Structures are given as C-alpha cells and as structure tokens.
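File shown: start.pdb (PDB, C-alpha atoms).
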ATOM      1  CA  MET A   1      -1.714  20.777   7.159
ATOM      2  CA  ASN A   2      -4.904  19.962   9.026
ATOM      3  CA  SER A   3      -4.686  16.644  10.841
ATOM      4  CA  THR A   4      -8.367  15.772  10.570
ATOM      5  CA  GLY A   5     -10.381  14.821   7.516
ATOM      6  CA  GLN A   6     -12.782  17.155   5.781
ATOM      7  CA  ASP A   7     -15.588  15.596   7.781
ATOM      8  CA  GLY A   8     -13.552  15.698  10.992
ATOM      9  CA  SER A   9     -12.985  11.951  11.053
ATOM     10  CA  THR A  10      -9.654  10.438  11.989
ATOM     11  CA  ILE A  11      -8.358   6.876  11.838
ATOM     12  CA  THR A  12      -6.054   5.521  14.498
ATOM     13  CA  MET A  13      -3.394   2.957  13.636
ATOM     14  CA  ARG A  14      -0.577   1.410  15.620
ATOM     15  CA  PRO A  15       2.701  -0.128  14.487
ATOM     16  CA  ILE A  16       2.804  -3.912  14.123
ATOM     17  CA  GLY A  17       6.608  -3.814  14.122
ATOM     18  CA  ARG A  18       9.656  -1.774  13.231
ATOM     19  CA  VAL A  19      12.282  -1.645  10.500
ATOM     20  CA  HIS A  20      15.919  -2.160  11.437
ATOM     21  CA  SER A  21      18.063  -0.589   8.778
ATOM     22  CA  PRO A  22      21.559   0.781   8.238
ATOM     23  CA  PHE A  23      19.961   4.041   7.051
ATOM     24  CA  LYS A  24      19.856   6.429   9.983
ATOM     25  CA  SER A  25      19.085   9.575   7.998
ATOM     26  CA  THR A  26      16.669  10.286   5.168
ATOM     27  CA  VAL A  27      19.454  11.953   3.208
ATOM     28  CA  GLY A  28      21.440   9.584   0.994
ATOM     29  CA  MET A  29      19.015   6.660   1.095
ATOM     30  CA  PRO A  30      17.968   4.623  -1.945
ATOM     31  CA  ILE A  31      14.718   6.112  -3.175
ATOM     32  CA  GLN A  32      12.883   2.946  -4.200
ATOM     33  CA  THR A  33      13.249  -0.740  -3.392
ATOM     34  CA  VAL A  34      14.172  -1.506  -7.021
ATOM     35  CA  ALA A  35      17.159   0.815  -6.579
ATOM     36  CA  ALA A  36      18.008  -0.865  -3.281
ATOM     37  CA  ALA A  37      18.197  -4.526  -4.273
ATOM     38  CA  GLU A  38      21.579  -4.999  -2.617
ATOM     39  CA  HIS A  39      20.618  -3.276   0.643
ATOM     40  CA  CYS A  40      19.472  -5.570   3.438
ATOM     41  CA  GLY A  41      17.584  -4.972   6.650
ATOM     42  CA  HIS A  42      15.185  -6.710   8.947
ATOM     43  CA  ILE A  43      11.740  -6.117  10.351
ATOM     44  CA  GLU A  44      10.916  -7.037  13.921
ATOM     45  CA  ILE A  45       7.211  -7.792  14.269
ATOM     46  CA  PHE A  46       5.895  -7.199  17.777
ATOM     47  CA  GLU A  47       5.107 -10.356  19.738
ATOM     48  CA  SER A  48       1.399  -9.556  19.946
ATOM     49  CA  PHE A  49       1.149  -9.811  16.128
ATOM     50  CA  ALA A  50       3.316 -12.932  15.752
ATOM     51  CA  ALA A  51       0.387 -15.226  14.908
ATOM     52  CA  GLY A  52      -0.175 -13.204  11.745
ATOM     53  CA  LEU A  53       3.186 -14.331  10.326
ATOM     54  CA  ARG A  54       2.310 -17.997   9.880
ATOM     55  CA  ASP A  55       3.056 -19.090   6.267
ATOM     56  CA  VAL A  56       4.689 -15.750   5.345
ATOM     57  CA  GLN A  57       7.959 -17.618   4.670
ATOM     58  CA  GLU A  58       6.312 -19.243   1.621
ATOM     59  CA  PHE A  59       6.439 -15.956  -0.299
ATOM     60  CA  GLN A  60       9.434 -14.445  -2.063
ATOM     61  CA  TYR A  61       8.216 -10.843  -2.116
ATOM     62  CA  LEU A  62       6.204  -8.923   0.435
ATOM     63  CA  ILE A  63       4.483  -5.560   0.211
ATOM     64  CA  VAL A  64       5.363  -3.624   3.353
ATOM     65  CA  LEU A  65       3.254  -0.604   4.274
ATOM     66  CA  THR A  66       4.968   1.764   6.649
ATOM     67  CA  HIS A  67       4.524   5.082   8.373
ATOM     68  CA  LEU A  68       7.147   7.468   6.976
ATOM     69  CA  HIS A  69       7.623   9.064  10.354
ATOM     70  CA  GLU A  70      10.419  11.446   9.331
ATOM     71  CA  ALA A  71       8.658  12.870   6.282
ATOM     72  CA  VAL A  72       6.684  16.077   6.255
ATOM     73  CA  GLU A  73       3.334  16.399   4.483
ATOM     74  CA  LYS A  74       3.101  18.251   1.196
ATOM     75  CA  LEU A  75       0.577  18.451  -1.616
ATOM     76  CA  GLU A  76       3.026  19.495  -4.329
ATOM     77  CA  VAL A  77       6.561  18.181  -4.549
ATOM     78  CA  THR A  78       9.554  18.090  -6.823
ATOM     79  CA  PRO A  79      10.361  14.368  -6.724
ATOM     80  CA  PHE A  80      13.902  13.005  -6.435
ATOM     81  CA  MET A  81      13.649  11.754 -10.010
ATOM     82  CA  ASP A  82      12.581  15.045 -11.581
ATOM     83  CA  THR A  83      13.305  18.758 -11.547
ATOM     84  CA  ALA A  84       9.688  19.845 -12.015
ATOM     85  CA  SER A  85       6.926  20.006  -9.424
ATOM     86  CA  HIS A  86       3.914  17.650  -9.486
ATOM     87  CA  GLY A  87       0.870  16.982  -7.364
ATOM     88  CA  VAL A  88       2.050  14.559  -4.699
ATOM     89  CA  PHE A  89      -0.478  11.875  -5.730
ATOM     90  CA  ALA A  90       1.262  11.789  -9.129
ATOM     91  CA  THR A  91       4.556  10.961  -7.354
ATOM     92  CA  ARG A  92       6.000   8.378  -5.004
ATOM     93  CA  ALA A  93       7.535  11.039  -2.786
ATOM     94  CA  PRO A  94       7.475  10.327   0.984
ATOM     95  CA  ALA A  95       6.248  13.854   1.745
ATOM     96  CA  ARG A  96       2.506  13.129   1.383
ATOM     97  CA  PRO A  97      -0.726  13.228   3.375
ATOM     98  CA  ASN A  98      -0.814  10.340   5.863
ATOM     99  CA  ARG A  99       2.816   9.507   4.942
ATOM    100  CA  ILE A 100       2.211   5.849   4.073
ATOM    101  CA  GLY A 101       5.209   4.146   2.481
ATOM    102  CA  LEU A 102       5.025   1.138   0.161
ATOM    103  CA  SER A 103       8.120  -1.043  -0.164
ATOM    104  CA  ILE A 104       8.279  -4.348  -2.021
ATOM    105  CA  ILE A 105      10.906  -6.386  -0.208
ATOM    106  CA  GLU A 106      12.465  -9.739  -1.003
ATOM    107  CA  LEU A 107      12.168 -12.019   2.005
ATOM    108  CA  LEU A 108      15.406 -13.846   2.750
ATOM    109  CA  ARG A 109      14.472 -15.535   6.011
ATOM    110  CA  LEU A 110      11.740 -15.576   8.635
ATOM    111  CA  ASP A 111      13.079 -16.362  12.089
ATOM    112  CA  GLY A 112      10.396 -16.072  14.760
ATOM    113  CA  CYS A 113       9.228 -12.468  14.578
ATOM    114  CA  ARG A 114      12.230 -11.325  12.542
ATOM    115  CA  LEU A 115      11.962 -10.928   8.776
ATOM    116  CA  GLU A 116      15.319 -10.552   7.049
ATOM    117  CA  PHE A 117      14.987  -8.938   3.681
ATOM    118  CA  ARG A 118      16.701  -7.452   0.655
ATOM    119  CA  GLY A 119      15.574  -4.337  -1.183
ATOM    120  CA  ASN A 120      15.809  -1.911   1.699
ATOM    121  CA  ASP A 121      14.794   1.695   1.045
ATOM    122  CA  MET A 122      13.604   2.286   4.608
ATOM    123  CA  LEU A 123      14.875   4.345   7.477
ATOM    124  CA  ASP A 124      15.923   2.702  10.732
ATOM    125  CA  GLY A 125      13.032   2.729  13.206
ATOM    126  CA  THR A 126      10.291   3.102  10.587
ATOM    127  CA  PRO A 127       6.984   1.844  12.024
ATOM    128  CA  VAL A 128       5.459  -1.022  10.013
ATOM    129  CA  LEU A 129       1.685  -0.878   9.521
ATOM    130  CA  ASP A 130       0.970  -3.941   7.383
ATOM    131  CA  ILE A 131       2.552  -6.774   5.416
ATOM    132  CA  LYS A 132       0.885  -8.357   2.395
ATOM    133  CA  PRO A 133       2.225 -11.128   0.144
ATOM    134  CA  TYR A 134       3.179  -9.992  -3.376
ATOM    135  CA  ILE A 135       1.255 -12.028  -5.954
ATOM    136  CA  PRO A 136       2.039 -11.277  -9.617
ATOM    137  CA  ARG A 137      -1.450 -12.361 -10.699
ATOM    138  CA  LEU A 138      -2.915  -9.649  -8.453
ATOM    139  CA  ASP A 139      -0.214  -6.991  -8.498
ATOM    140  CA  VAL A 140       1.258  -6.814 -11.982
ATOM    141  CA  ARG A 141      -0.093  -4.362 -14.536
ATOM    142  CA  SER A 142       1.352  -3.522 -17.913
ATOM    143  CA  THR A 143       1.246   0.097 -18.984
ATOM    144  CA  GLU A 144       3.282   2.748 -20.708
ATOM    145  CA  ARG A 145       1.134   5.612 -19.419
ATOM    146  CA  ILE A 146       3.447   6.591 -16.583
ATOM    147  CA  GLY A 147       3.441  10.380 -16.862
ATOM    148  CA  TRP A 148       6.646  12.199 -15.968
ATOM    149  CA  PHE A 149       8.289   8.938 -14.834
ATOM    150  CA  ALA A 150       8.876   8.135 -18.511
ATOM    151  CA  LYS A 151      11.903  10.399 -18.389
ATOM    152  CA  GLY A 152      12.611  10.307 -14.627
ATOM    153  CA  LEU A 153      13.185   6.566 -14.503
ATOM    154  CA  MET A 154      16.406   6.882 -16.440
ATOM    155  CA  GLN A 155      17.876   8.558 -13.367
ATOM    156  CA  LEU A 156      16.760   5.837 -10.950
ATOM    157  CA  PRO A 157      19.599   3.290 -10.737
ATOM    158  CA  GLY A 158      22.147   5.415  -8.890
ATOM    159  CA  LYS A 159      19.759   7.968  -7.473
ATOM    160  CA  LEU A 160      19.817   8.708  -3.755
ATOM    161  CA  SER A 161      17.546  10.934  -1.714
ATOM    162  CA  ASP A 162      18.516  14.448  -0.703
ATOM    163  CA  ASP A 163      17.026  16.872   1.786
ATOM    164  CA  ARG A 164      14.044  18.067  -0.204
ATOM    165  CA  MET A 165      11.471  15.979   1.737
ATOM    166  CA  ARG A 166      12.507  17.230   5.156
TER     167      ARG A 166
ATOM    168  CA  MET B   1      -7.313  -6.427  19.703
ATOM    169  CA  ASN B   2      -5.348  -3.704  21.433
ATOM    170  CA  SER B   3      -5.574  -0.392  19.623
ATOM    171  CA  THR B   4      -2.115   0.833  20.636
ATOM    172  CA  GLY B   5       1.276  -0.426  19.535
ATOM    173  CA  GLN B   6       3.529  -2.521  21.729
ATOM    174  CA  ASP B   7       5.293   0.659  22.762
ATOM    175  CA  GLY B   8       2.020   2.509  23.248
ATOM    176  CA  SER B   9       2.450   4.624  20.146
ATOM    177  CA  THR B  10      -0.412   5.362  17.809
ATOM    178  CA  ILE B  11      -0.525   7.027  14.418
ATOM    179  CA  THR B  12      -3.391   9.256  13.422
ATOM    180  CA  MET B  13      -4.542   9.462   9.812
ATOM    181  CA  ARG B  14      -7.441  11.180   8.143
ATOM    182  CA  PRO B  15      -9.243  10.388   4.882
ATOM    183  CA  ILE B  16      -8.180  12.339   1.795
ATOM    184  CA  GLY B  17     -11.378  11.305   0.041
ATOM    185  CA  ARG B  18     -14.033   8.628  -0.262
ATOM    186  CA  VAL B  19     -14.942   5.804  -2.628
ATOM    187  CA  HIS B  20     -18.302   5.888  -4.383
ATOM    188  CA  SER B  21     -19.206   2.379  -5.376
ATOM    189  CA  PRO B  22     -22.234   0.266  -6.266
ATOM    190  CA  PHE B  23     -21.161  -2.172  -3.530
ATOM    191  CA  LYS B  24     -23.095  -1.350  -0.386
ATOM    192  CA  SER B  25     -22.297  -4.537   1.528
ATOM    193  CA  THR B  26     -19.079  -6.500   2.012
ATOM    194  CA  VAL B  27     -20.891  -9.704   1.074
ATOM    195  CA  GLY B  28     -20.875 -10.484  -2.644
ATOM    196  CA  MET B  29     -18.148  -8.033  -3.655
ATOM    197  CA  PRO B  30     -15.278  -8.846  -6.016
ATOM    198  CA  ILE B  31     -12.338  -9.840  -3.861
ATOM    199  CA  GLN B  32      -9.498  -8.242  -5.822
ATOM    200  CA  THR B  33      -9.264  -5.524  -8.436
ATOM    201  CA  VAL B  34      -8.082  -8.053 -11.049
ATOM    202  CA  ALA B  35     -11.387  -9.872 -10.528
ATOM    203  CA  ALA B  36     -13.255  -6.591 -10.793
ATOM    204  CA  ALA B  37     -11.986  -5.206 -14.096
ATOM    205  CA  GLU B  38     -15.487  -4.537 -15.362
ATOM    206  CA  HIS B  39     -16.727  -2.855 -12.189
ATOM    207  CA  CYS B  40     -16.522   0.937 -12.154
ATOM    208  CA  GLY B  41     -16.652   3.491  -9.396
ATOM    209  CA  HIS B  42     -15.328   6.894  -8.554
ATOM    210  CA  ILE B  43     -13.265   8.497  -5.828
ATOM    211  CA  GLU B  44     -14.057  11.968  -4.588
ATOM    212  CA  ILE B  45     -10.940  13.635  -3.224
ATOM    213  CA  PHE B  46     -11.696  16.296  -0.612
ATOM    214  CA  GLU B  47     -11.182  19.858  -1.765
ATOM    215  CA  SER B  48      -8.380  20.479   0.717
ATOM    216  CA  PHE B  49      -6.250  17.810  -1.011
ATOM    217  CA  ALA B  50      -7.084  18.836  -4.593
ATOM    218  CA  ALA B  51      -3.636  20.315  -5.271
ATOM    219  CA  GLY B  52      -2.151  16.833  -4.848
ATOM    220  CA  LEU B  53      -3.996  15.581  -7.942
ATOM    221  CA  ARG B  54      -2.093  17.655 -10.501
ATOM    222  CA  ASP B  55      -0.697  15.376 -13.266
ATOM    223  CA  VAL B  56      -2.468  12.262 -11.922
ATOM    224  CA  GLN B  57      -4.386  12.036 -15.218
ATOM    225  CA  GLU B  58      -1.128  11.101 -16.968
ATOM    226  CA  PHE B  59      -1.144   7.651 -15.369
ATOM    227  CA  GLN B  60      -3.172   4.636 -16.432
ATOM    228  CA  TYR B  61      -3.059   2.754 -13.135
ATOM    229  CA  LEU B  62      -3.110   4.072  -9.588
ATOM    230  CA  ILE B  63      -2.429   2.332  -6.298
ATOM    231  CA  VAL B  64      -5.179   3.329  -3.892
ATOM    232  CA  LEU B  65      -4.641   2.767  -0.182
ATOM    233  CA  THR B  66      -7.837   2.716   1.822
ATOM    234  CA  HIS B  67      -9.149   2.173   5.312
ATOM    235  CA  LEU B  68     -11.284  -0.993   5.241
ATOM    236  CA  HIS B  69     -13.727   0.489   7.682
ATOM    237  CA  GLU B  70     -16.177  -2.413   7.698
ATOM    238  CA  ALA B  71     -13.597  -5.143   8.303
ATOM    239  CA  VAL B  72     -12.761  -6.580  11.699
ATOM    240  CA  GLU B  73      -9.175  -7.256  12.800
ATOM    241  CA  LYS B  74      -7.859 -10.807  12.886
ATOM    242  CA  LEU B  75      -4.428 -12.405  13.034
ATOM    243  CA  GLU B  76      -5.431 -15.716  11.468
ATOM    244  CA  VAL B  77      -7.945 -16.007   8.668
ATOM    245  CA  THR B  78      -9.347 -18.443   6.173
ATOM    246  CA  PRO B  79      -9.111 -16.354   2.990
ATOM    247  CA  PHE B  80     -11.855 -16.218   0.367
ATOM    248  CA  MET B  81      -9.587 -18.121  -2.022
ATOM    249  CA  ASP B  82      -8.789 -21.013   0.319
ATOM    250  CA  THR B  83     -10.370 -23.392   2.797
ATOM    251  CA  ALA B  84      -7.384 -23.479   5.172
ATOM    252  CA  SER B  85      -6.374 -20.900   7.753
ATOM    253  CA  HIS B  86      -3.211 -18.755   7.405
ATOM    254  CA  GLY B  87      -1.520 -15.973   9.295
ATOM    255  CA  VAL B  88      -3.178 -12.794   8.045
ATOM    256  CA  PHE B  89       0.118 -11.327   6.769
ATOM    257  CA  ALA B  90       0.324 -14.303   4.392
ATOM    258  CA  THR B  91      -3.063 -13.310   2.948
ATOM    259  CA  ARG B  92      -4.746 -10.342   1.299
ATOM    260  CA  ALA B  93      -7.792 -10.643   3.544
ATOM    261  CA  PRO B  94      -9.377  -7.344   4.662
ATOM    262  CA  ALA B  95      -9.613  -8.568   8.276
ATOM    263  CA  ARG B  96      -6.131  -7.439   9.362
ATOM    264  CA  PRO B  97      -4.420  -5.143  11.861
ATOM    265  CA  ASN B  98      -4.816  -1.505  10.784
ATOM    266  CA  ARG B  99      -7.193  -2.650   8.003
ATOM    267  CA  ILE B 100      -5.341  -0.958   5.147
ATOM    268  CA  GLY B 101      -6.638  -1.936   1.719
ATOM    269  CA  LEU B 102      -4.571  -1.846  -1.484
ATOM    270  CA  SER B 103      -6.442  -1.584  -4.783
ATOM    271  CA  ILE B 104      -4.832  -1.062  -8.179
ATOM    272  CA  ILE B 105      -7.383   0.844 -10.206
ATOM    273  CA  GLU B 106      -7.439   1.847 -13.858
ATOM    274  CA  LEU B 107      -8.066   5.570 -14.141
ATOM    275  CA  LEU B 108     -10.663   6.395 -16.781
ATOM    276  CA  ARG B 109     -11.038  10.112 -16.181
ATOM    277  CA  LEU B 110     -10.016  12.836 -13.772
ATOM    278  CA  ASP B 111     -12.603  15.595 -13.509
ATOM    279  CA  GLY B 112     -11.720  18.139 -10.832
ATOM    280  CA  CYS B 113     -11.582  16.147  -7.606
ATOM    281  CA  ARG B 114     -13.391  13.151  -9.089
ATOM    282  CA  LEU B 115     -11.441  10.102 -10.285
ATOM    283  CA  GLU B 116     -13.524   7.727 -12.369
ATOM    284  CA  PHE B 117     -12.027   4.267 -12.442
ATOM    285  CA  ARG B 118     -12.381   0.652 -13.467
ATOM    286  CA  GLY B 119     -11.325  -2.314 -11.323
ATOM    287  CA  ASN B 120     -13.554  -1.635  -8.351
ATOM    288  CA  ASP B 121     -13.315  -4.021  -5.401
ATOM    289  CA  MET B 122     -14.195  -1.364  -2.836
ATOM    290  CA  LEU B 123     -17.179  -0.720  -0.646
ATOM    291  CA  ASP B 124     -19.212   2.462  -0.978
ATOM    292  CA  GLY B 125     -18.009   5.057   1.516
ATOM    293  CA  THR B 126     -14.536   3.555   1.979
ATOM    294  CA  PRO B 127     -12.123   6.241   3.249
ATOM    295  CA  VAL B 128      -9.158   6.815   0.922
ATOM    296  CA  LEU B 129      -5.798   7.330   2.642
ATOM    297  CA  ASP B 130      -3.385   7.718  -0.262
ATOM    298  CA  ILE B 131      -3.020   7.512  -4.031
ATOM    299  CA  LYS B 132       0.244   6.579  -5.749
ATOM    300  CA  PRO B 133       0.926   6.183  -9.468
ATOM    301  CA  TYR B 134       1.551   2.585 -10.593
ATOM    302  CA  ILE B 135       4.919   2.333 -12.325
ATOM    303  CA  PRO B 136       5.840  -1.094 -13.739
ATOM    304  CA  ARG B 137       9.561  -0.383 -13.344
ATOM    305  CA  LEU B 138       9.001   0.092  -9.590
ATOM    306  CA  ASP B 139       6.093  -2.231  -8.892
ATOM    307  CA  VAL B 140       6.505  -5.364 -10.988
ATOM    308  CA  ARG B 141       8.242  -8.429  -9.573
ATOM    309  CA  SER B 142       8.449 -11.870 -11.119
ATOM    310  CA  THR B 143       8.125 -14.824  -8.765
ATOM    311  CA  GLU B 144       6.569 -18.236  -8.482
ATOM    312  CA  ARG B 145       7.020 -18.430  -4.707
ATOM    313  CA  ILE B 146       3.446 -17.437  -3.874
ATOM    314  CA  GLY B 147       2.603 -19.916  -1.087
ATOM    315  CA  TRP B 148      -0.982 -21.131  -0.876
ATOM    316  CA  PHE B 149      -2.049 -18.732  -3.662
ATOM    317  CA  ALA B 150      -0.571 -21.208  -6.160
ATOM    318  CA  LYS B 151      -3.758 -23.232  -5.867
ATOM    319  CA  GLY B 152      -6.118 -20.507  -4.620
ATOM    320  CA  LEU B 153      -5.709 -18.314  -7.683
ATOM    321  CA  MET B 154      -7.547 -20.781  -9.863
ATOM    322  CA  GLN B 155     -10.682 -19.826  -7.958
ATOM    323  CA  LEU B 156     -10.229 -16.102  -8.430
ATOM    324  CA  PRO B 157     -12.036 -15.126 -11.654
ATOM    325  CA  GLY B 158     -15.627 -15.614 -10.469
ATOM    326  CA  LYS B 159     -14.978 -15.494  -6.743
ATOM    327  CA  LEU B 160     -17.004 -13.116  -4.579
ATOM    328  CA  SER B 161     -16.651 -12.330  -0.910
ATOM    329  CA  ASP B 162     -18.848 -13.920   1.738
ATOM    330  CA  ASP B 163     -19.429 -13.086   5.390
ATOM    331  CA  ARG B 164     -16.249 -14.504   6.868
ATOM    332  CA  MET B 165     -14.505 -11.144   7.362
ATOM    333  CA  ARG B 166     -17.346  -9.530   9.283
TER     334      ARG B 166
END
Now that the file is in, can you turn its structure into structure tokens?
Amino acid sequence: MNSTGQDGSTITMRPIGRVHSPFKSTVGMPIQTVAAAEHCGHIEIFESFAAGLRDVQEFQYLIVLTHLHEAVEKLEVTPFMDTASHGVFATRAPARPNRIGLSIIELLRLDGCRLEFRGNDMLDGTPVLDIKPYIPRLDVRSTERIGWFAKGLMQLPGKLSDDRMR
Amino acid sequence: MNSTGQDGSTITMRPIGRVHSPFKSTVGMPIQTVAAAEHCGHIEIFESFAAGLRDVQEFQYLIVLTHLHEAVEKLEVTPFMDTASHGVFATRAPARPNRIGLSIIELLRLDGCRLEFRGNDMLDGTPVLDIKPYIPRLDVRSTERIGWFAKGLMQLPGKLSDDRMR
C-alpha cells in the first residue's frame, strides 16, 4: 500500500514510550482489552516525556494509542470475531492503514515513568504514541447499532488472535 | 520538542481523508464531541482507501483518530476545562506529543467516500488517520476516578476553546 497520502503529505510521529508485555508474538494474544482484564503489563514512558505524566495517577482508566508495529496494512479483513470479510474501518482489526491501536487500560500504579496496568492486549515492544485519561462523560455512548459485532461479540471472552493479521 | 523518539525511531503516517467542518479557526470551537452534538460536518475518505469503508454504515458511532495539525506540542497544559496546569497525558488537550485527536462521531449517512456526521469538534481540513467502529462492549468503562475532571466537567456544556493551545 502506498505510504503517502493522496495529496502526497505524510505525518511524522515518534514513540513517547514502549509497552512491556508477556506477549512476544501476535499469535495467541487477547484481542481486546476487555478480553484481557487479567493480563498485566507496564509502559515505560521515555524520560523526555516524563513531565507529561503529572496527575495521570488520579485516573483509573487510560486510553493508550499505539503503533501496531507488527501488523500489516489491509483495507478488507476477516476479523478475529467473524468469519466474513469487512472493510477494515468497520472492524477493530490491527491490520489497517496507519496501524494505530487503541487500548483502554486500567492503571494500577504510576512509579516515575513506569505505568503498571491491567487489561493488556498489547505486544511486547509496542511503541506508545499517546496517553489520554478515560472520562465516562466524554467517552461513553449508548448504541445497539454495532453492525456485525452484534453476533461476533458472543465469541469475545475466550477469543485469542491467530495468524490472519500477519 | 524533538521530532524523533528517544531511540531515534520515527513512524510515518499519511492521511486517509480529511474533515470538512464549519470551524475554520481553533478559537471558539467546541472542545469535545459531547459538547458538539448539534454540530455537523463530513469526512471525505480518499479514493484509495474507499474499500475500507464497506459496512461502516452499520454503526451509529465511530471513533475518528485525527492529526491535530494546528496544535502545538506541550508536556504541561492548562486545559480549557480548568485553571490549573496538568501533565498533558492527564488531559485531553490538543497540544500534545504526536497531536493525535480522538473524536467519537455519530454517523448520519455514508455516501460513497463521504461520511456525514454529528458531534463535530474538529477543524476544517483536519487530516484523518483512522476510523474505528464504537462498540459499547469494548469501549465503555465505569469509573469515578477521573482526577481534575471531577470539577472541570461542570464547565463543559457551553465551553468553547480559546487561544491557549496555539
């Protein structure tokens, strides 16, 4: 897939930290943080971004945006929770343009630049791009219009990833 | 701020589309999509990513990740909803490393590569990096540990941005 935008523009980002996780391979990982509540990990934020962490310990949940560095880019995928193909923007599959991951983690402890958390669906070494506090008043929506997930979600609790995103 | 990561690595992204919005300036905009429910806009996805949109119309809410191209990068900010300074990762301020925006929009209509939506807190011309379907089972958390937002949220309904993120 072309690495530049339609108008030729590109955007350069750099990691603010890295995920440390027991998951060393994309195969067999939990596929969403809600299915990974018992899995722990920690994020090491690089020293040069440490000032940005002040007051983060006051929040229970954090939205972590990552670069899914091991994923490929696809426009149509058969998600882990389904057997049919969908446009990738109608899925949460990692194999997507720009490969940005969104994990909602539960913060257990902030110790210097180290965030210990629960709800780990991330690969060891994953670059972290941003951290935002989770605020129900801003982030909760109620809807039953959830497309193919209406049947796929029944498979979620014990579902692990396989090799289809490689 | 340094544009490379601590280990020198950078990540290159490109827009998958652009936001078309009545907001032409960062001053005076709604500061969160929940405070912008009545504001509409549309996203034009570039033709080369059109295949990724299949089935997107089956979802009511979409998570839109954007590049906040007009924001500066800061590590400590005084958010629009507060008068005290916080580490940027404890805020939802646009002035943050990598400047990734997260908007939860309500999809009104998908017409080809055009997504018409409600809940517009985005600037005209904002590059879109990713679109993910919003799924309550995956994205809803219940918590009262929301740090300084506990008082700041009372100011949200009529709150507009000012020039502090420029």
Written as a PyMOL selection string, what is the full residue list that the PyMOL selection byres ((chain A) within 7 of (chain B)) yields on the file shown? chain A and resi 3-6+9-16+34+46+49+51-56+58-60+75-76+86-92+98+129+131-133+135-136+138+140-143+145-147
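The environment of Glu38 of chain B within 8 Å, counting only C-alpha atoms and disregarding residues fewer than 5 places along the same chain, consists of Arg118, Gly119 and Asn120 of chain B.
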Take the residues just selected and output them with C-alpha atoms as a PDB file, in the coordinates of the input.
ATOM      1  CA  ARG B 118     -12.381   0.652 -13.467  1.00  0.00           C
ATOM      2  CA  GLY B 119     -11.325  -2.314 -11.323  1.00  0.00           C
ATOM      3  CA  ASN B 120     -13.554  -1.635  -8.351  1.00  0.00           C
TER       4      ASN B 120
END
Take the point (-11.2, 4.6, -15.0) as written in the file and pick out every residue within 7 Å of it, counting all atoms listed in the file; give the list as a PDB file with C-alpha atoms, in the frame of the given file.
ATOM      1  CA  GLU B 106      -7.439   1.847 -13.858  1.00  0.00           C
ATOM      2  CA  LEU B 107      -8.066   5.570 -14.141  1.00  0.00           C
ATOM      3  CA  LEU B 108     -10.663   6.395 -16.781  1.00  0.00           C
ATOM      4  CA  ARG B 109     -11.038  10.112 -16.181  1.00  0.00           C
ATOM      5  CA  GLU B 116     -13.524   7.727 -12.369  1.00  0.00           C
ATOM      6  CA  PHE B 117     -12.027   4.267 -12.442  1.00  0.00           C
ATOM      7  CA  ARG B 118     -12.381   0.652 -13.467  1.00  0.00           C
TER       8      ARG B 118
END
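A straight line drawn from atom CA of Cys40 of chain B to atom CA of Leu110 of chain B is 13.7 Å long.
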Please, what distance in Å, to one decimal, runs between atom CA of Arg164 of chain B and atom CA of Ile43 of chain B?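 Calculated distance between atom CA of Arg164 of chain B and atom CA of Ile43 of chain B is 26.4 Å.
Distance-wise, atom CA of Met29 of chain B and atom CA of Ser161 of chain B end up 5.3 Å apart.
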Listed atoms of segment 126-135 of chain A boxed along x, y and z, 8 Å each side, centre and edge lengths in Å, one decimal, as JSON:
{"center_x": 5.6, "center_y": -4.5, "center_z": 3.0, "size_x": 25.4, "size_y": 31.1, "size_z": 34.0}
Spell out the residues picked by the PyMOL selection byres ((chain A and resi 70) around 8) here, as a PyMOL selection string. chain A and resi 26+68-69+71-72+166
Restore N, CA and C atoms in segment 126-137 of chain A and list the result as a short mmCIF file (atom, residue, chain, number, x, y, z; two decimals), in the frame of the given file.
data_model
loop_
_atom_site.label_atom_id
_atom_site.label_comp_id
_atom_site.auth_asym_id
_atom_site.auth_seq_id
_atom_site.Cartn_x
_atom_site.Cartn_y
_atom_site.Cartn_z
N THR A 126 11.57 2.84 11.25
CA THR A 126 10.29 3.10 10.59
C THR A 126 9.21 2.16 11.12
N PRO A 127 8.08 2.70 11.56
CA PRO A 127 6.98 1.84 12.02
C PRO A 127 6.33 1.10 10.85
N VAL A 128 6.11 -0.20 11.03
CA VAL A 128 5.46 -1.02 10.01
C VAL A 128 3.97 -1.10 10.33
N LEU A 129 3.14 -0.88 9.32
CA LEU A 129 1.68 -0.88 9.52
C LEU A 129 1.03 -2.16 9.01
N ASP A 130 1.60 -2.76 7.98
CA ASP A 130 0.97 -3.94 7.38
C ASP A 130 1.98 -4.66 6.51
N ILE A 131 1.76 -5.96 6.34
CA ILE A 131 2.55 -6.77 5.42
C ILE A 131 1.57 -7.60 4.60
N LYS A 132 1.74 -7.58 3.29
CA LYS A 132 0.88 -8.36 2.40
C LYS A 132 1.78 -9.15 1.45
N PRO A 133 1.41 -10.38 1.10
CA PRO A 133 2.22 -11.13 0.14
C PRO A 133 2.09 -10.53 -1.26
N TYR A 134 3.20 -10.49 -1.99
CA TYR A 134 3.18 -9.99 -3.38
C TYR A 134 2.84 -11.16 -4.30
N ILE A 135 1.76 -10.98 -5.07
CA ILE A 135 1.25 -12.03 -5.95
C ILE A 135 1.18 -11.46 -7.37
N PRO A 136 2.06 -11.88 -8.27
CA PRO A 136 2.04 -11.28 -9.62
C PRO A 136 0.65 -11.25 -10.26
N ARG A 137 -0.13 -12.32 -10.08
CA ARG A 137 -1.45 -12.36 -10.70
C ARG A 137 -2.35 -11.23 -10.21
#
